[in-house]
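J.: Have a peek at target-v1.cif (mmCIF, C-alpha atoms).
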data_run
#
loop_
_atom_site.group_PDB
_atom_site.id
_atom_site.type_symbol
_atom_site.label_atom_id
_atom_site.label_comp_id
_atom_site.auth_asym_id
_atom_site.auth_seq_id
_atom_site.Cartn_x
_atom_site.Cartn_y
_atom_site.Cartn_z
ATOM 1 C CA MET A 1 -7.514 14.061 -9.085
ATOM 2 C CA GLN A 2 -3.943 12.995 -8.475
ATOM 3 C CA ASP A 3 -2.612 9.761 -9.887
ATOM 4 C CA LEU A 4 -3.266 6.908 -7.450
ATOM 5 C CA PRO A 5 -0.221 4.608 -7.412
ATOM 6 C CA LEU A 6 -2.069 1.359 -6.788
ATOM 7 C CA ALA A 7 -5.142 2.072 -8.867
ATOM 8 C CA ASN A 8 -3.847 0.378 -11.999
ATOM 9 C CA ASP A 9 -2.557 -2.653 -10.100
ATOM 10 C CA HIS A 10 -5.377 -3.399 -7.719
ATOM 11 C CA PHE A 11 -8.660 -2.197 -9.093
ATOM 12 C CA GLN A 12 -8.998 -4.502 -12.039
ATOM 13 C CA LYS A 13 -10.949 -7.712 -12.362
ATOM 14 C CA GLY A 14 -9.275 -10.899 -13.492
ATOM 15 C CA ASP A 15 -10.641 -10.447 -17.017
ATOM 16 C CA ASP A 16 -8.650 -7.181 -17.343
ATOM 17 C CA SER A 17 -11.785 -5.037 -17.334
ATOM 18 C CA ILE A 18 -11.656 -1.922 -15.214
ATOM 19 C CA ILE A 19 -14.162 -1.506 -12.407
ATOM 20 C CA ALA A 20 -16.353 1.561 -12.858
ATOM 21 C CA LEU A 21 -16.563 3.623 -9.672
ATOM 22 C CA SER A 22 -19.156 6.161 -8.639
ATOM 23 C CA ALA A 23 -18.039 9.721 -7.950
ATOM 24 C CA GLY A 24 -18.488 9.071 -4.229
ATOM 25 C CA ASP A 25 -16.346 5.933 -4.371
ATOM 26 C CA GLU A 26 -13.649 7.792 -6.315
ATOM 27 C CA LYS A 27 -13.650 10.511 -3.671
ATOM 28 C CA PHE A 28 -13.475 7.889 -0.927
ATOM 29 C CA LEU A 29 -10.508 6.167 -2.570
ATOM 30 C CA GLY A 30 -8.836 9.525 -3.158
ATOM 31 C CA LEU A 31 -9.107 10.317 0.550
ATOM 32 C CA LEU A 32 -7.901 6.844 1.441
ATOM 33 C CA PHE A 33 -4.814 7.108 -0.749
ATOM 34 C CA SER A 34 -4.149 10.638 0.496
ATOM 35 C CA ALA A 35 -4.100 9.247 4.032
ATOM 36 C CA LEU A 36 -1.744 6.507 2.876
ATOM 37 C CA GLU A 37 0.545 8.996 1.155
ATOM 38 C CA GLU A 38 0.728 11.109 4.303
ATOM 39 C CA ASN A 39 1.308 8.212 6.715
ATOM 40 C CA TRP A 40 2.961 5.288 4.907
ATOM 41 C CA GLN A 41 6.294 5.825 6.644
ATOM 42 C CA ASP A 42 4.773 5.709 10.126
ATOM 43 C CA PRO A 43 4.990 2.121 11.443
ATOM 44 C CA HIS A 44 2.337 2.999 14.026
ATOM 45 C CA PHE A 45 -0.242 3.982 11.387
ATOM 46 C CA ILE A 46 -2.898 1.280 11.695
ATOM 47 C CA ILE A 47 -6.537 0.592 10.851
ATOM 48 C CA ASP A 48 -7.735 2.757 13.750
ATOM 49 C CA ASP A 49 -5.917 5.690 12.147
ATOM 50 C CA TYR A 50 -7.632 4.946 8.837
ATOM 51 C CA CYS A 51 -10.955 5.065 10.677
ATOM 52 C CA HIS A 52 -10.146 8.394 12.245
ATOM 53 C CA ASN A 53 -8.946 9.892 8.935
ATOM 54 C CA MET A 54 -11.970 8.593 7.053
ATOM 55 C CA ALA A 55 -14.487 9.358 9.860
ATOM 56 C CA MET A 56 -15.903 5.829 9.739
ATOM 57 C CA SER A 57 -16.297 2.909 12.103
ATOM 58 C CA LYS A 58 -13.786 0.112 11.737
ATOM 59 C CA SER A 59 -16.362 -2.338 10.366
ATOM 60 C CA HIS A 60 -17.837 0.151 7.871
ATOM 61 C CA LEU A 61 -14.404 1.161 6.615
ATOM 62 C CA TYR A 62 -13.346 -2.468 6.252
ATOM 63 C CA ARG A 63 -16.487 -3.432 4.321
ATOM 64 C CA LYS A 64 -16.225 -0.412 2.020
ATOM 65 C CA ILE A 65 -12.540 -0.941 1.211
ATOM 66 C CA VAL A 66 -12.998 -4.665 0.621
ATOM 67 C CA ALA A 67 -16.039 -4.031 -1.589
ATOM 68 C CA LEU A 68 -14.136 -1.512 -3.721
ATOM 69 C CA SER A 69 -10.752 -3.178 -3.915
ATOM 70 C CA GLY A 70 -11.033 -6.790 -2.818
ATOM 71 C CA PHE A 71 -8.310 -6.092 -0.254
ATOM 72 C CA SER A 72 -8.396 -5.395 3.467
ATOM 73 C CA PRO A 73 -7.236 -1.988 4.714
ATOM 74 C CA ASN A 74 -4.126 -3.571 6.226
ATOM 75 C CA SER A 75 -3.315 -5.311 2.946
ATOM 76 C CA ILE A 76 -3.621 -2.047 1.053
ATOM 77 C CA LEU A 77 -1.303 -0.328 3.528
ATOM 78 C CA LYS A 78 1.260 -3.132 3.228
ATOM 79 C CA GLU A 79 1.041 -3.107 -0.594
ATOM 80 C CA PHE A 80 1.451 0.672 -0.623
ATOM 81 C CA ARG A 81 4.523 0.431 1.610
ATOM 82 C CA LEU A 82 6.016 -2.308 -0.555
ATOM 83 C CA GLU A 83 5.617 -0.187 -3.700
ATOM 84 C CA LYS A 84 7.279 2.762 -1.959
ATOM 85 C CA ALA A 85 10.079 0.501 -0.708
ATOM 86 C CA LYS A 86 10.594 -0.821 -4.231
ATOM 87 C CA ASP A 87 11.009 2.767 -5.433
ATOM 88 C CA LEU A 88 13.587 3.364 -2.698
ATOM 89 C CA LEU A 89 15.438 0.186 -3.671
ATOM 90 C CA LYS A 90 15.702 1.446 -7.250
ATOM 91 C CA LYS A 91 17.619 4.491 -6.016
ATOM 92 C CA LYS A 92 20.362 2.218 -4.585
ATOM 93 C CA GLN A 93 21.130 4.807 -1.903
ATOM 94 C CA TYR A 94 20.021 2.947 1.203
ATOM 95 C CA THR A 95 20.557 -0.381 2.930
ATOM 96 C CA ILE A 96 17.722 -2.897 3.137
ATOM 97 C CA ALA A 97 17.368 -2.117 6.847
ATOM 98 C CA GLU A 98 17.136 1.621 6.193
ATOM 99 C CA ILE A 99 14.525 1.069 3.498
ATOM 100 C CA SER A 100 12.464 -1.246 5.679
ATOM 101 C CA PHE A 101 12.202 1.363 8.437
ATOM 102 C CA GLU A 102 11.791 4.238 5.966
ATOM 103 C CA ALA A 103 8.852 2.386 4.393
ATOM 104 C CA GLY A 104 7.090 1.952 7.728
ATOM 105 C CA PHE A 105 7.925 -1.687 8.398
ATOM 106 C CA THR A 106 8.768 -2.574 11.987
ATOM 107 C CA SER A 107 11.702 -4.834 11.116
ATOM 108 C CA PRO A 108 13.958 -5.637 8.165
ATOM 109 C CA SER A 109 13.123 -9.349 8.429
ATOM 110 C CA TYR A 110 9.373 -8.698 8.168
ATOM 111 C CA PHE A 111 9.962 -6.346 5.232
ATOM 112 C CA THR A 112 12.106 -8.975 3.498
ATOM 113 C CA LYS A 113 9.440 -11.648 4.072
ATOM 114 C CA CYS A 114 6.680 -9.413 2.665
ATOM 115 C CA PHE A 115 8.809 -8.315 -0.309
ATOM 116 C CA LYS A 116 9.721 -11.905 -1.195
ATOM 117 C CA LYS A 117 6.101 -13.015 -0.922
ATOM 118 C CA LYS A 118 4.854 -10.169 -3.164
ATOM 119 C CA TYR A 119 7.613 -10.049 -5.797
ATOM 120 C CA GLY A 120 9.112 -13.542 -5.592
ATOM 121 C CA ILE A 121 12.603 -12.199 -4.993
ATOM 122 C CA LEU A 122 14.571 -10.999 -1.997
ATOM 123 C CA PRO A 123 15.109 -7.229 -1.812
ATOM 124 C CA LEU A 124 18.886 -7.543 -2.128
ATOM 125 C CA ALA A 125 18.556 -9.807 -5.178
ATOM 126 C CA TYR A 126 16.133 -7.278 -6.665
ATOM 127 C CA VAL A 127 18.700 -4.501 -6.227
ATOM 128 C CA ASP A 128 21.394 -6.705 -7.796
ATOM 129 C CA LYS A 129 19.191 -7.271 -10.863
ATOM 130 C CA LEU A 130 18.595 -3.549 -11.413
#
For this file, produce the structure as structure tokens.

T.:
Amino acid sequence: MQDLPLANDHFQKGDDSIIALSAGDEKFLGLLFSALEENWQDPHFIIDDYCHNMAMSKSHLYRKIVALSGFSPNSILKEFRLEKAKDLLKKKQYTIAEISFEAGFTSPSYFTKCFKKKYGILPLAYVDKL
């Protein structure tokens, strides 16, 4: 199975113990992250698209993702996009606006707000510190 970028960050309990997943849950998460990898740059990729890709109802998908990760599907998508945007920022090849759209955010101001909330620093200040 390919390395899942958020697995180490988001699938741990507060006591630093790793959650043991069944083979079915691992497969489910693998499919979920494959869908994210394929669609993270599309600002129109939403929960309904998750449902279609995972062949599940919206409520079943939501319950399953929350049970496995503690996060909503939309939160996971936003976190995934933020991690990808952070990687793009490290390259120092693009403007903040370009990165926000490249990462699937609908506006640079929303991207900046989300980035600051997650990392405690504005994207431009983050680039300056690199």

J.: Any idea what the distance is between atom CA of A:Pro73 and atom CA of A:Tyr50?

T.: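 Going from atom CA of A:Pro73 over to atom CA of A:Tyr50, I get 8.1 Å.
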
J.: Using only C-alpha atoms, find the one residue out of A:Tyr62, A:Phe71, A:Phe28, A:Trp40 that sits nearest to A:Glu102.

T.: A:Trp40

J.: Calculated over only C-alpha atoms, which of the candidates A:Phe33, A:Ile76, A:Lys129, A:Gln41 has the smallest distance to A:Phe101?

T.: A:Gln41

J.: Between A:Leu68, A:Cys51, A:Ala23, A:Leu82, single out the one closest to A:Lys118, counting all atoms listed in the file.

T.: A:Leu82

J.: In terms of the shortest atom-to-atom distance over only C-alpha atoms, which of A:Glu98, A:Asp42, A:Asp49, A:Asp87 is closest to A:Tyr126?

T.: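 Smallest separation from A:Tyr126 among the options: A:Asp87.
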
J.: Do a neighbour search on A:Phe105 at 10 Å with all atoms listed in the file, toss out local chain neighbours closer than 3 positions, and write the hits as a short mmCIF file (atom, residue, chain, number, x, y, z; two decimals) with C-alpha atoms, in the frame of the given file.

T.:
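Saved as out.cif:
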data_model
loop_
_atom_site.label_atom_id
_atom_site.label_comp_id
_atom_site.auth_asym_id
_atom_site.auth_seq_id
_atom_site.Cartn_x
_atom_site.Cartn_y
_atom_site.Cartn_z
CA TRP A 40 2.96 5.29 4.91
CA GLN A 41 6.29 5.82 6.64
CA ASP A 42 4.77 5.71 10.13
CA PRO A 43 4.99 2.12 11.44
CA HIS A 44 2.34 3.00 14.03
CA LYS A 78 1.26 -3.13 3.23
CA ARG A 81 4.52 0.43 1.61
CA LEU A 82 6.02 -2.31 -0.56
CA ALA A 85 10.08 0.50 -0.71
CA ALA A 97 17.37 -2.12 6.85
CA ILE A 99 14.52 1.07 3.50
CA SER A 100 12.46 -1.25 5.68
CA PHE A 101 12.20 1.36 8.44
CA GLU A 102 11.79 4.24 5.97
CA PRO A 108 13.96 -5.64 8.16
CA SER A 109 13.12 -9.35 8.43
CA TYR A 110 9.37 -8.70 8.17
CA PHE A 111 9.96 -6.35 5.23
CA THR A 112 12.11 -8.98 3.50
CA CYS A 114 6.68 -9.41 2.66
#

J.: Quick check on the file I pasted: which residues fall under the PyMOL selection byres ((chain A and resi 32) around 12)? Write them as a ChimeraX atom specification.

T.: /A:4-7,25-31,33-40,47,49-56,61-62,64-65,68-69,73,76-77,80

J.: For A:Ile96, list every protein, DNA or RNA residue within 8 Å, evaluated using only C-alpha atoms, and leave out those in the same chain fewer than 5 positions away; present the list as a list in words.

T.: Leu89, Pro108, Pro123 and Leu124 of chain A

J.: Take atom CA of A:Asn74 and atom CA of A:Ser57 and report the distance between them in Å, one decimal.

T.: 15.0 Å

J.: Would you mind reading off the distance between atom CA of A:Ile46 and atom CA of A:Lys91, one decimal, in Å?

T.: 27.3 Å

J.: Could you put an axis-aligned box around every listed atom of stretch 30-47 of chain A, padded by 5 Å on each side, and send me its centre and edge lengths in Å to one decimal, as lines of an AutoDock Vina configuration file?

T.:
center_x = -1.4
center_y = 5.9
center_z = 5.4
size_x = 25.4
size_y = 20.5
size_z = 27.2
